[in-house]
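Structure file model.pdb (PDB, C-alpha atoms and all ligand atoms) is printed below.
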ATOM      1  CA  MET N 170      29.684 -18.903 -19.292  1.00  0.00           C
ATOM      2  CA  HIS N 171      30.212 -19.183 -15.561  1.00  0.00           C
ATOM      3  CA  ALA N 172      32.449 -16.164 -15.623  1.00  0.00           C
ATOM      4  CA  ILE N 173      29.702 -14.131 -17.302  1.00  0.00           C
ATOM      5  CA  MET N 174      27.107 -15.258 -14.743  1.00  0.00           C
ATOM      6  CA  LEU N 175      29.491 -14.394 -11.909  1.00  0.00           C
ATOM      7  CA  ALA N 176      30.136 -10.976 -13.415  1.00  0.00           C
ATOM      8  CA  LEU N 177      26.363 -10.365 -13.652  1.00  0.00           C
ATOM      9  CA  PHE N 178      25.847 -11.345 -10.030  1.00  0.00           C
ATOM     10  CA  MET N 179      28.617  -8.995  -8.970  1.00  0.00           C
ATOM     11  CA  LEU N 180      26.999  -6.161 -10.926  1.00  0.00           C
ATOM     12  CA  VAL N 181      23.600  -6.576  -9.255  1.00  0.00           C
ATOM     13  CA  PRO N 182      24.425  -4.916  -5.920  1.00  0.00           C
ATOM     14  CA  ILE N 183      25.813  -1.889  -7.756  1.00  0.00           C
ATOM     15  CA  ASN N 184      22.483  -1.479  -9.572  1.00  0.00           C
ATOM     16  CA  LEU N 185      20.480  -1.398  -6.321  1.00  0.00           C
ATOM     17  CA  THR N 186      20.026   2.311  -5.803  1.00  0.00           C
ATOM     18  CA  PHE N 187      17.628   2.098  -2.829  1.00  0.00           C
ATOM     19  CA  ALA N 188      18.995   3.086   0.555  1.00  0.00           C
ATOM     20  CA  GLU N 189      18.143   0.503   3.180  1.00  0.00           C
ATOM     21  CA  PRO N 190      15.078   1.588   5.162  1.00  0.00           C
ATOM     22  CA  THR N 191      16.181   2.757   8.595  1.00  0.00           C
ATOM     23  CA  THR N 192      12.774   2.489  10.170  1.00  0.00           C
ATOM     24  CA  SER N 193       9.193   1.380   9.581  1.00  0.00           C
ATOM     25  CA  ILE N 194       5.847   3.155   9.781  1.00  0.00           C
ATOM     26  CA  THR N 195       4.989   0.960  12.747  1.00  0.00           C
ATOM     27  CA  MET N 196       8.116   2.138  14.575  1.00  0.00           C
ATOM     28  CA  LEU N 197       7.372   5.781  13.729  1.00  0.00           C
ATOM     29  CA  THR N 198       3.779   5.620  14.963  1.00  0.00           C
ATOM     30  CA  GLY N 199       4.784   3.798  18.133  1.00  0.00           C
ATOM     31  CA  ALA N 200       5.751   6.915  20.113  1.00  0.00           C
ATOM     32  CA  ALA N 201       9.126   7.193  18.423  1.00  0.00           C
ATOM     33  CA  GLN N 202      10.457  10.044  20.564  1.00  0.00           C
ATOM     34  CA  GLN N 203      14.018   9.362  19.452  1.00  0.00           C
ATOM     35  CA  SER N 204      12.993   9.806  15.793  1.00  0.00           C
ATOM     36  CA  ASP N 205      11.433  13.247  16.359  1.00  0.00           C
ATOM     37  CA  ASN N 206      12.912  15.770  13.892  1.00  0.00           C
ATOM     38  CA  GLN N 207      15.295  13.088  12.581  1.00  0.00           C
ATOM     39  CA  GLN N 208      15.814  11.960   9.010  1.00  0.00           C
ATOM     40  CA  VAL N 209      14.050   8.662   8.445  1.00  0.00           C
ATOM     41  CA  VAL N 210      13.900   6.209   5.540  1.00  0.00           C
ATOM     42  CA  PHE N 211      10.921   3.879   5.352  1.00  0.00           C
ATOM     43  CA  ARG N 212       8.706   2.007   2.903  1.00  0.00           C
ATOM     44  CA  GLY N 213       4.951   1.697   2.671  1.00  0.00           C
ATOM     45  CA  GLU N 214       1.904   1.439   0.446  1.00  0.00           C
ATOM     46  CA  VAL N 215      -0.051   4.519  -0.633  1.00  0.00           C
ATOM     47  CA  VAL N 216      -3.719   4.346   0.389  1.00  0.00           C
ATOM     48  CA  GLY N 217      -6.729   6.651   0.299  1.00  0.00           C
ATOM     49  CA  ASP N 218      -6.933  10.012  -1.413  1.00  0.00           C
ATOM     50  CA  LEU N 219      -4.077  12.384  -2.217  1.00  0.00           C
ATOM     51  CA  ILE N 220      -4.855  15.774  -0.694  1.00  0.00           C
ATOM     52  CA  SER N 221      -3.308  19.065  -1.800  1.00  0.00           C
ATOM     53  CA  SER N 222      -1.904  21.147   1.041  1.00  0.00           C
ATOM     54  CA  ALA N 223      -2.240  24.926   1.282  1.00  0.00           C
ATOM     55  CA  ASP N 224       1.322  25.468  -0.011  1.00  0.00           C
ATOM     56  CA  GLY N 225       0.862  23.285  -3.108  1.00  0.00           C
ATOM     57  CA  ARG N 226       2.476  20.154  -1.728  1.00  0.00           C
ATOM     58  CA  VAL N 227       0.545  16.890  -1.449  1.00  0.00           C
ATOM     59  CA  TRP N 228      -0.532  14.885   1.601  1.00  0.00           C
ATOM     60  CA  VAL N 229      -0.105  11.169   1.045  1.00  0.00           C
ATOM     61  CA  THR N 230      -1.236   8.488   3.485  1.00  0.00           C
ATOM     62  CA  MET N 231       1.077   5.487   3.651  1.00  0.00           C
ATOM     63  CA  ILE N 232       0.506   2.225   5.479  1.00  0.00           C
ATOM     64  CA  ASP N 233       2.616  -0.725   6.514  1.00  0.00           C
ATOM     65  CA  SER N 234       1.542  -3.641   8.705  1.00  0.00           C
ATOM     66  CA  GLY N 235      -1.644  -1.857   9.762  1.00  0.00           C
ATOM     67  CA  SER N 236       0.062   1.390  10.797  1.00  0.00           C
ATOM     68  CA  ALA N 237      -0.461   4.620   8.869  1.00  0.00           C
ATOM     69  CA  ILE N 238       1.459   7.887   8.578  1.00  0.00           C
ATOM     70  CA  SER N 239       0.857  11.173   6.767  1.00  0.00           C
ATOM     71  CA  VAL N 240       3.603  12.158   4.343  1.00  0.00           C
ATOM     72  CA  LEU N 241       3.923  15.634   2.863  1.00  0.00           C
ATOM     73  CA  MET N 242       5.654  15.562  -0.519  1.00  0.00           C
ATOM     74  CA  LYS N 243       6.260  17.691  -3.613  1.00  0.00           C
ATOM     75  CA  PRO N 244       3.716  17.368  -6.470  1.00  0.00           C
ATOM     76  CA  GLU N 245       6.388  15.863  -8.739  1.00  0.00           C
ATOM     77  CA  ASP N 246       7.030  13.157  -6.127  1.00  0.00           C
ATOM     78  CA  ALA N 247       3.291  12.526  -5.730  1.00  0.00           C
ATOM     79  CA  ALA N 248       3.121  12.168  -9.530  1.00  0.00           C
ATOM     80  CA  LEU N 249       5.108   8.919  -9.136  1.00  0.00           C
ATOM     81  CA  ILE N 250       2.056   7.349  -7.496  1.00  0.00           C
ATOM     82  CA  ASP N 251       0.227   5.311 -10.167  1.00  0.00           C
ATOM     83  CA  ALA N 252      -2.387   3.832  -7.827  1.00  0.00           C
ATOM     84  CA  THR N 253      -3.703   4.282  -4.317  1.00  0.00           C
ATOM     85  CA  GLY N 254      -4.667   1.238  -2.311  1.00  0.00           C
ATOM     86  CA  ARG N 255      -8.349   0.421  -2.309  1.00  0.00           C
ATOM     87  CA  TYR N 256     -10.515  -2.647  -1.910  1.00  0.00           C
ATOM     88  CA  GLU N 257      -9.792  -3.893  -5.413  1.00  0.00           C
ATOM     89  CA  GLN N 258      -6.130  -2.898  -5.798  1.00  0.00           C
ATOM     90  CA  THR N 259      -2.917  -2.337  -3.918  1.00  0.00           C
ATOM     91  CA  GLY N 260      -1.395   1.142  -3.994  1.00  0.00           C
ATOM     92  CA  THR N 261       2.044   2.140  -5.211  1.00  0.00           C
ATOM     93  CA  LYS N 262       4.765   1.064  -2.801  1.00  0.00           C
ATOM     94  CA  LEU N 263       7.144   3.941  -2.076  1.00  0.00           C
ATOM     95  CA  GLU N 264      10.387   4.430  -0.257  1.00  0.00           C
ATOM     96  CA  VAL N 265      10.438   7.814   1.429  1.00  0.00           C
ATOM     97  CA  THR N 266      13.371   9.711   2.882  1.00  0.00           C
ATOM     98  CA  GLY N 267      12.282  12.655   4.996  1.00  0.00           C
ATOM     99  CA  ILE N 268      12.126  14.386   8.334  1.00  0.00           C
ATOM    100  CA  PHE N 269       9.812  12.861  10.933  1.00  0.00           C
ATOM    101  CA  HIS N 270       7.810  15.145  13.219  1.00  0.00           C
ATOM    102  CA  LEU N 271       6.202  13.535  16.231  1.00  0.00           C
ATOM    103  CA  SER N 272       4.099  16.671  16.628  1.00  0.00           C
ATOM    104  CA  CYS N 273       4.557  18.864  13.572  1.00  0.00           C
ATOM    105  CA  PRO N 274       4.732  22.590  14.468  1.00  0.00           C
ATOM    106  CA  THR N 275       3.502  23.678  11.004  1.00  0.00           C
ATOM    107  CA  ASP N 276       0.750  21.069  10.587  1.00  0.00           C
ATOM    108  CA  ASP N 277      -1.437  21.373  13.684  1.00  0.00           C
ATOM    109  CA  GLY N 278       0.688  19.044  15.776  1.00  0.00           C
ATOM    110  CA  LEU N 279       0.121  16.162  13.383  1.00  0.00           C
ATOM    111  CA  SER N 280       2.535  13.232  13.369  1.00  0.00           C
ATOM    112  CA  ASP N 281       3.994  13.454   9.886  1.00  0.00           C
ATOM    113  CA  VAL N 282       6.981  13.095   7.593  1.00  0.00           C
ATOM    114  CA  HIS N 283       8.145  15.905   5.305  1.00  0.00           C
ATOM    115  CA  ALA N 284       9.596  13.957   2.369  1.00  0.00           C
ATOM    116  CA  THR N 285      12.893  15.051   0.846  1.00  0.00           C
ATOM    117  CA  SER N 286      13.215  12.132  -1.560  1.00  0.00           C
ATOM    118  CA  VAL N 287      10.669   9.629  -2.882  1.00  0.00           C
ATOM    119  CA  THR N 288      11.294   6.515  -4.996  1.00  0.00           C
ATOM    120  CA  VAL N 289       8.920   3.835  -6.272  1.00  0.00           C
ATOM    121  CA  VAL N 290       9.613   0.361  -4.886  1.00  0.00           C
ATOM    122  CA  ALA N 291       6.701  -1.331  -6.696  1.00  0.00           C
ATOM    123  CA  PRO N 292       3.787  -0.066  -8.800  1.00  0.00           C
ATOM    124  CA  GLY N 293       0.191  -0.606  -7.743  1.00  0.00           C
ATOM    125  CA  GLU N 294      -1.597  -3.731  -8.958  1.00  0.00           C
ATOM    126  CA  PRO N 295      -5.032  -5.321  -8.819  1.00  0.00           C
ATOM    127  CA  ARG N 296      -5.669  -7.299  -5.668  1.00  0.00           C
ATOM    128  CA  LYS N 297      -5.891 -10.888  -6.841  1.00  0.00           C
ATOM    129  CA  SER N 298      -7.319 -12.150  -3.575  1.00  0.00           C
ATOM    130  CA  SER N 299     -10.476 -10.039  -3.862  1.00  0.00           C
ATOM    131  CA  VAL N 300     -11.107 -11.400  -7.368  1.00  0.00           C
ATOM    132  CA  ASN N 301     -10.767 -14.938  -6.017  1.00  0.00           C
ATOM    133  CA  MET N 302     -13.115 -13.988  -3.191  1.00  0.00           C
ATOM    134  CA  MET N 303     -15.712 -12.748  -5.707  1.00  0.00           C
ATOM    135  CA  LEU N 304     -15.456 -16.031  -7.639  1.00  0.00           C
ATOM    136  CA  LEU N 305     -15.828 -17.968  -4.394  1.00  0.00           C
ATOM    137  CA  VAL N 306     -18.939 -16.001  -3.412  1.00  0.00           C
ATOM    138  CA  ALA N 307     -20.394 -16.371  -6.926  1.00  0.00           C
ATOM    139  CA  GLY N 308     -19.695 -20.117  -6.825  1.00  0.00           C
ATOM    140  CA  LEU N 309     -21.342 -20.513  -3.407  1.00  0.00           C
ATOM    141  CA  LEU N 310     -24.336 -18.514  -4.611  1.00  0.00           C
ATOM    142  CA  LEU N 311     -24.755 -20.850  -7.595  1.00  0.00           C
ATOM    143  CA  VAL N 312     -24.613 -23.887  -5.287  1.00  0.00           C
ATOM    144  CA  VAL N 313     -27.286 -22.340  -3.032  1.00  0.00           C
ATOM    145  CA  ILE N 314     -29.526 -21.444  -5.996  1.00  0.00           C
ATOM    146  CA  GLY N 315     -29.022 -24.914  -7.480  1.00  0.00           C
ATOM    147  CA  GLY N 316     -29.957 -26.528  -4.165  1.00  0.00           C
ATOM    148  CA  LEU N 317     -33.024 -24.330  -3.870  1.00  0.00           C
ATOM    149  CA  LEU N 318     -34.187 -25.207  -7.396  1.00  0.00           C
ATOM    150  CA  ALA N 319     -33.704 -28.919  -6.712  1.00  0.00           C
ATOM    151  CA  PHE N 320     -35.707 -28.557  -3.488  1.00  0.00           C
ATOM    152  CA  LEU N 321     -38.533 -26.690  -5.264  1.00  0.00           C
ATOM    153  CA  TYR N 322     -38.560 -29.252  -8.073  1.00  0.00           C
ATOM    154  CA  HIS N 323     -38.812 -32.009  -5.470  1.00  0.00           C
ATOM    155  CA  ILE N 324     -41.797 -30.322  -3.749  1.00  0.00           C
ATOM    156  CA  PHE N 325     -43.522 -29.691  -7.091  1.00  0.00           C
ATOM    157  CA  HIS N 326     -42.937 -33.267  -8.128  1.00  0.00           C
ATOM    158  CA  GLU N 327     -44.471 -34.539  -4.857  1.00  0.00           C
ATOM    159  CA  ARG N 328     -47.586 -32.382  -5.240  1.00  0.00           C
ATOM    160  CA  MET N 329     -48.146 -33.395  -8.855  1.00  0.00           C
ATOM    161  CA  ARG N 330     -48.497 -37.027  -7.840  1.00  0.00           C
TER
HETATM  162 ZN    ZN N 401       4.297  18.758   8.941  1.00  0.00          ZN
END

Written as structure tokens, how would this file's structure read?
Amino acid sequence: MHAIMLALFMLVPINLTFAEPTTSITMLTGAAQQSDNQQVVFRGEVVGDLISSADGRVWVTMIDSGSAISVLMKPEDAALIDATGRYEQTGTKLEVTGIFHLSCPTDDGLSDVHATSVTVVAPGEPRKSSVNMMLLVAGLLLVVIGGLLAFLYHIFHERMR
């Protein structure tokens, strides 16, 4: 039994196909002169709308720790995105390998990444915290309404006497 478990553990690293991210969106957006025109590997969450570019590729906005970057990818890569981050849900988390341009010559000097390879790290999912927040607000509202009704009842009761 132990031998089987050990064998399984030894197999796990072989099954990890993701390359280790070499950088982060925060590093790229922080005046990363040394990364200009270099291949970068990073992870982030897809947010906002996917926008088709003039040449048929897709602009994807990715965020990580409050920093955002524009990523240009092939339509078949963009098709991997099952959700974009919004108020009520997190977007698909992607790992992108591509070429970073501090000031892209073909895209109006935009800071961007032209993706060469895209993999899904985690699918999008509903944001649980916002649901809890709604319940909290609804609960507080009920307490306020209840208090108000009790107050009105009290006043009515006083006047009836
Ligand atoms: Zn570009």

Please provide as a ChimeraX atom specification all residues within 12 Å of region 253-261 of chain N, with the sequence filter that same-chain residues fewer than 2 positions apart are discarded (counting all atoms listed in the file).
/N:212-219,229-233,247-251,263-264,287-303

Could you please take those selected residues and save C-alpha atoms as an mmCIF file, in the frame of the given file?
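Full text of result-v3.cif as output:
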data_model
loop_
_atom_site.group_PDB
_atom_site.id
_atom_site.type_symbol
_atom_site.label_atom_id
_atom_site.label_comp_id
_atom_site.auth_asym_id
_atom_site.auth_seq_id
_atom_site.Cartn_x
_atom_site.Cartn_y
_atom_site.Cartn_z
ATOM 1 C CA ARG N 212 8.706 2.007 2.903
ATOM 2 C CA GLY N 213 4.951 1.697 2.671
ATOM 3 C CA GLU N 214 1.904 1.439 0.446
ATOM 4 C CA VAL N 215 -0.051 4.519 -0.633
ATOM 5 C CA VAL N 216 -3.719 4.346 0.389
ATOM 6 C CA GLY N 217 -6.729 6.651 0.299
ATOM 7 C CA ASP N 218 -6.933 10.012 -1.413
ATOM 8 C CA LEU N 219 -4.077 12.384 -2.217
ATOM 9 C CA VAL N 229 -0.105 11.169 1.045
ATOM 10 C CA THR N 230 -1.236 8.488 3.485
ATOM 11 C CA MET N 231 1.077 5.487 3.651
ATOM 12 C CA ILE N 232 0.506 2.225 5.479
ATOM 13 C CA ASP N 233 2.616 -0.725 6.514
ATOM 14 C CA ALA N 247 3.291 12.526 -5.730
ATOM 15 C CA ALA N 248 3.121 12.168 -9.530
ATOM 16 C CA LEU N 249 5.108 8.919 -9.136
ATOM 17 C CA ILE N 250 2.056 7.349 -7.496
ATOM 18 C CA ASP N 251 0.227 5.311 -10.167
ATOM 19 C CA LEU N 263 7.144 3.941 -2.076
ATOM 20 C CA GLU N 264 10.387 4.430 -0.257
ATOM 21 C CA VAL N 287 10.669 9.629 -2.882
ATOM 22 C CA THR N 288 11.294 6.515 -4.996
ATOM 23 C CA VAL N 289 8.920 3.835 -6.272
ATOM 24 C CA VAL N 290 9.613 0.361 -4.886
ATOM 25 C CA ALA N 291 6.701 -1.331 -6.696
ATOM 26 C CA PRO N 292 3.787 -0.066 -8.800
ATOM 27 C CA GLY N 293 0.191 -0.606 -7.743
ATOM 28 C CA GLU N 294 -1.597 -3.731 -8.958
ATOM 29 C CA PRO N 295 -5.032 -5.321 -8.819
ATOM 30 C CA ARG N 296 -5.669 -7.299 -5.668
ATOM 31 C CA LYS N 297 -5.891 -10.888 -6.841
ATOM 32 C CA SER N 298 -7.319 -12.150 -3.575
ATOM 33 C CA SER N 299 -10.476 -10.039 -3.862
ATOM 34 C CA VAL N 300 -11.107 -11.400 -7.368
ATOM 35 C CA ASN N 301 -10.767 -14.938 -6.017
ATOM 36 C CA MET N 302 -13.115 -13.988 -3.191
ATOM 37 C CA MET N 303 -15.712 -12.748 -5.707
#

Quick one: residues within 12 Å of ligand ZN 401 (chain N), with only C-alpha atoms and all ligand atoms, as JSON, numbers by chain?
{"N": [205, 206, 222, 223, 224, 226, 227, 228, 229, 238, 239, 240, 241, 242, 267, 268, 269, 270, 271, 272, 273, 274, 275, 276, 277, 278, 279, 280, 281, 282, 283, 284]}

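Between CA of Thr266 (chain N) and CA of Pro190 (chain N) lies a distance of 8.6 Å.
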
Tell me, in Å to one decimal, how far CA of Ser221 (chain N) is from CA of Asp246 (chain N).
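About the pair CA of Ser221 (chain N) and CA of Asp246 (chain N): they are 12.7 Å apart.
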
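Taking CA of His323 (chain N) and CA of Val306 (chain N) as endpoints, the distance between them is 25.6 Å.
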